[in-house]
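Some notes on the structure that comes next.
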Amino acid sequence: MGNDGGSIPRRIELVKEKPKDVKLNPELERAAAWLHCALSKLPLELPVVSCGLGKLYNQDAIIEYLLDPKVYGDGDKICSHIKTLKDTVKLNLTPNPAYNEKESNADSTTMGNLERNAKSKFICPISMKEMNGKHRFVYLDTCGCVFAEQALKEIPSKECVTCGKPFDNSNIIVINPTKEELDGMRKVMEEKRAKAKADRKSKKAEDKKNGVVSSEKKRKRSNSPDKSVKKTSSIQSSAAAAVMDKVAQELAEKNKKNPLSSVVKSIYGDKNKKETGNYLTKGTFNRY
């Protein structure tokens, strides 16, 4: 290519340069993480849930993913650690009174709207700071209440300000953590799951030893059909049959009292009458 007198090659065609690193706009990354669902990439809509890694999801998207993991192409890369809804916590979010849905929808049609200061739908109930990524936010996995991290640190009490449930430092989950924090949070999440599994096994063994019936067995027993229900259903079916017989008898008596007129009888043919001719000789006017 080139050097034949017909064209002049450019430097980029002759010299291989080192590929430049693509730098993503941090404002776009922030808006995508805090204002949109990590799985469906749609704007966050109540109910919103979060996992042990602090990612934000629309609950509808998580349910769709659990029903069909292939519904989202990159679902296995984003939330493969979510196996059931119990692996998520429903967040108790405080709505932002300054958020105007009409204005946000109008701005969404404008190019580069994410680069501006987009309004968040939710705020911290203590400091009134917007949950837009400019401030660190956390939630409590015991109740799902969401606060600004700095505001929660300034409160000495170990009871949730919103609902009053007790918590400790291990129950505080950072929302959208940094890459350095993510590895540590993953280890803590796996440890909590292993501990919960061991606790369930020990509880089942203790209940079995003490002869306590588990709630699952009670539920199965309650859902099992009862004999009394069968008896009542058989009584109802016999009563319905008796009513149907009575109605049929009344209709038969009514037909006897009011026989069909000659006009109606002329419409229908006599079954006992022998047919004459064949299908060629039968016409519209002599078929009866």
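Order determines the names: the first chain of the structure tokens is A, the second B, and so forth; residues in each chain are numbered 1 upward, and ligands are numbered 1 upward as they are shown.
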
Mind checking which residues fall within 12 Å of segment 171-178 of chain A, counting only C-alpha atoms, ignoring those fewer than 4 positions away in the same chain, and posting them as a ChimeraX atom specification? /A:29-38,49-57,88-89,91,131-150,152-153,158-160,165-167,182-186,188-189,192

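Excluding segment 61-71 of chain A itself and same-chain residues fewer than 2 positions from it, the residues having an atom within 9 Å of it are Cys37, Leu39, Ser40, Val49, Tyr57, Asn58, Gln59, Gly73, Asp74, Gly75, Asp76, Cys79, Ile82, Lys83, Thr84 and Leu85 of chain A, counting only C-alpha atoms.
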
Keeping only all heavy atoms, write the selected residues to a file as a CSV table (one decimal), in the first residue's frame.
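So result_25.csv came out as:
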```
chain,number,residue,atom,x,y,z
A,37,CYS,N,-30.1,0.8,37.7
A,37,CYS,CA,-29.9,-0.6,38.1
A,37,CYS,C,-28.7,-1.2,37.6
A,37,CYS,O,-28.4,-1.1,36.4
A,37,CYS,CB,-31.2,-1.4,37.7
A,37,CYS,SG,-31.1,-3.2,38.0
A,39,LEU,N,-28.1,-4.3,37.0
A,39,LEU,CA,-28.4,-5.4,36.1
A,39,LEU,C,-29.1,-5.0,34.8
A,39,LEU,O,-28.6,-5.3,33.7
A,39,LEU,CB,-29.2,-6.4,36.9
A,39,LEU,CG,-29.5,-7.7,36.2
A,39,LEU,CD1,-28.3,-8.5,35.8
A,39,LEU,CD2,-30.4,-8.6,37.1
A,40,SER,N,-30.2,-4.3,35.0
A,40,SER,CA,-31.0,-4.0,33.8
A,40,SER,C,-30.6,-2.7,33.1
A,40,SER,O,-31.0,-2.4,32.0
A,40,SER,CB,-32.5,-3.9,34.2
A,40,SER,OG,-32.7,-2.8,35.1
A,49,VAL,N,-33.4,-3.1,45.8
A,49,VAL,CA,-32.7,-4.0,46.7
A,49,VAL,C,-31.2,-3.9,46.5
A,49,VAL,O,-30.7,-3.3,45.5
A,49,VAL,CB,-33.1,-5.5,46.4
A,49,VAL,CG1,-34.6,-5.7,46.7
A,49,VAL,CG2,-32.8,-5.9,44.9
A,57,TYR,N,-30.0,-2.6,42.7
A,57,TYR,CA,-30.8,-3.3,41.7
A,57,TYR,C,-32.3,-3.0,41.8
A,57,TYR,O,-32.7,-2.7,42.9
A,57,TYR,CB,-30.7,-4.8,41.8
A,57,TYR,CG,-29.3,-5.4,41.9
A,57,TYR,CD1,-28.7,-5.6,43.1
A,57,TYR,CD2,-28.5,-5.7,40.7
A,57,TYR,CE1,-27.4,-6.2,43.2
A,57,TYR,CE2,-27.2,-6.2,40.8
A,57,TYR,CZ,-26.7,-6.4,42.1
A,57,TYR,OH,-25.4,-7.0,42.2
A,58,ASN,N,-33.0,-3.0,40.7
A,58,ASN,CA,-34.4,-3.0,40.8
A,58,ASN,C,-34.9,-4.5,41.1
A,58,ASN,O,-34.4,-5.4,40.6
A,58,ASN,CB,-35.0,-2.6,39.4
A,58,ASN,CG,-34.9,-1.1,39.2
A,58,ASN,OD1,-34.8,-0.3,40.1
A,58,ASN,ND2,-34.8,-0.8,37.9
A,59,GLN,N,-35.8,-4.6,42.1
A,59,GLN,CA,-36.2,-5.9,42.5
A,59,GLN,C,-36.8,-6.7,41.4
A,59,GLN,O,-36.6,-7.9,41.3
A,59,GLN,CB,-37.2,-5.8,43.7
A,59,GLN,CG,-37.5,-7.1,44.4
A,59,GLN,CD,-38.4,-7.0,45.5
A,59,GLN,OE1,-39.5,-6.4,45.4
A,59,GLN,NE2,-38.0,-7.5,46.7
A,73,GLY,N,-27.8,-10.6,29.3
A,73,GLY,CA,-26.6,-11.2,28.8
A,73,GLY,C,-25.4,-11.3,29.7
A,73,GLY,O,-24.7,-12.3,29.8
A,74,ASP,N,-25.2,-10.2,30.5
A,74,ASP,CA,-24.0,-10.2,31.4
A,74,ASP,C,-24.5,-10.4,32.8
A,74,ASP,O,-23.8,-10.0,33.8
A,74,ASP,CB,-23.3,-8.8,31.3
A,74,ASP,CG,-24.3,-7.6,31.5
A,74,ASP,OD1,-25.5,-7.9,31.6
A,74,ASP,OD2,-23.8,-6.5,31.6
A,75,GLY,N,-25.6,-11.0,33.1
A,75,GLY,CA,-26.1,-11.3,34.4
A,75,GLY,C,-25.1,-12.1,35.3
A,75,GLY,O,-25.0,-11.9,36.5
A,76,ASP,N,-24.5,-13.1,34.6
A,76,ASP,CA,-23.6,-14.0,35.4
A,76,ASP,C,-22.4,-13.3,35.8
A,76,ASP,O,-21.7,-13.7,36.8
A,76,ASP,CB,-23.3,-15.2,34.5
A,76,ASP,CG,-22.6,-14.8,33.2
A,76,ASP,OD1,-22.9,-13.7,32.8
A,76,ASP,OD2,-22.0,-15.7,32.6
A,79,CYS,N,-24.1,-10.4,38.8
A,79,CYS,CA,-24.8,-10.8,40.1
A,79,CYS,C,-24.8,-12.3,40.2
A,79,CYS,O,-25.9,-12.9,40.5
A,79,CYS,CB,-26.1,-10.2,40.3
A,79,CYS,SG,-27.2,-10.5,38.9
A,82,ILE,N,-25.9,-13.9,43.5
A,82,ILE,CA,-27.3,-13.9,44.0
A,82,ILE,C,-28.0,-15.2,43.5
A,82,ILE,O,-28.2,-15.4,42.3
A,82,ILE,CB,-28.0,-12.6,43.5
A,82,ILE,CG1,-27.3,-11.4,44.0
A,82,ILE,CG2,-29.4,-12.7,43.9
A,82,ILE,CD1,-27.9,-10.1,43.5
A,83,LYS,N,-28.3,-16.0,44.4
A,83,LYS,CA,-29.0,-17.3,44.1
A,83,LYS,C,-30.5,-17.3,44.4
A,83,LYS,O,-31.3,-17.9,43.7
A,83,LYS,CB,-28.3,-18.5,44.9
A,83,LYS,CG,-26.8,-18.6,44.7
A,83,LYS,CD,-26.4,-18.8,43.3
A,83,LYS,CE,-24.9,-19.0,43.1
A,83,LYS,NZ,-24.5,-19.1,41.7
A,84,THR,N,-30.9,-16.6,45.4
A,84,THR,CA,-32.3,-16.4,45.8
A,84,THR,C,-32.5,-14.9,46.2
A,84,THR,O,-31.5,-14.2,46.4
A,84,THR,CB,-32.7,-17.3,46.9
A,84,THR,OG1,-31.9,-17.0,48.1
A,84,THR,CG2,-32.4,-18.8,46.6
A,85,LEU,N,-33.8,-14.6,46.4
A,85,LEU,CA,-34.1,-13.3,46.9
A,85,LEU,C,-33.5,-13.0,48.3
A,85,LEU,O,-33.4,-11.9,48.8
A,85,LEU,CB,-35.6,-13.0,46.9
A,85,LEU,CG,-36.2,-12.6,45.6
A,85,LEU,CD1,-37.7,-12.5,45.7
A,85,LEU,CD2,-35.6,-11.3,45.1
```

Mind checking DSSP for segment 27-254 of chain A and telling me the strand (DSSP E or B) residues as a VMD selection string? chain A and resid 36 43 48 to 50 56 to 58 89 to 90 92 94 to 95 122 to 123 130 137 to 140 145 to 148 159 166 172 to 174
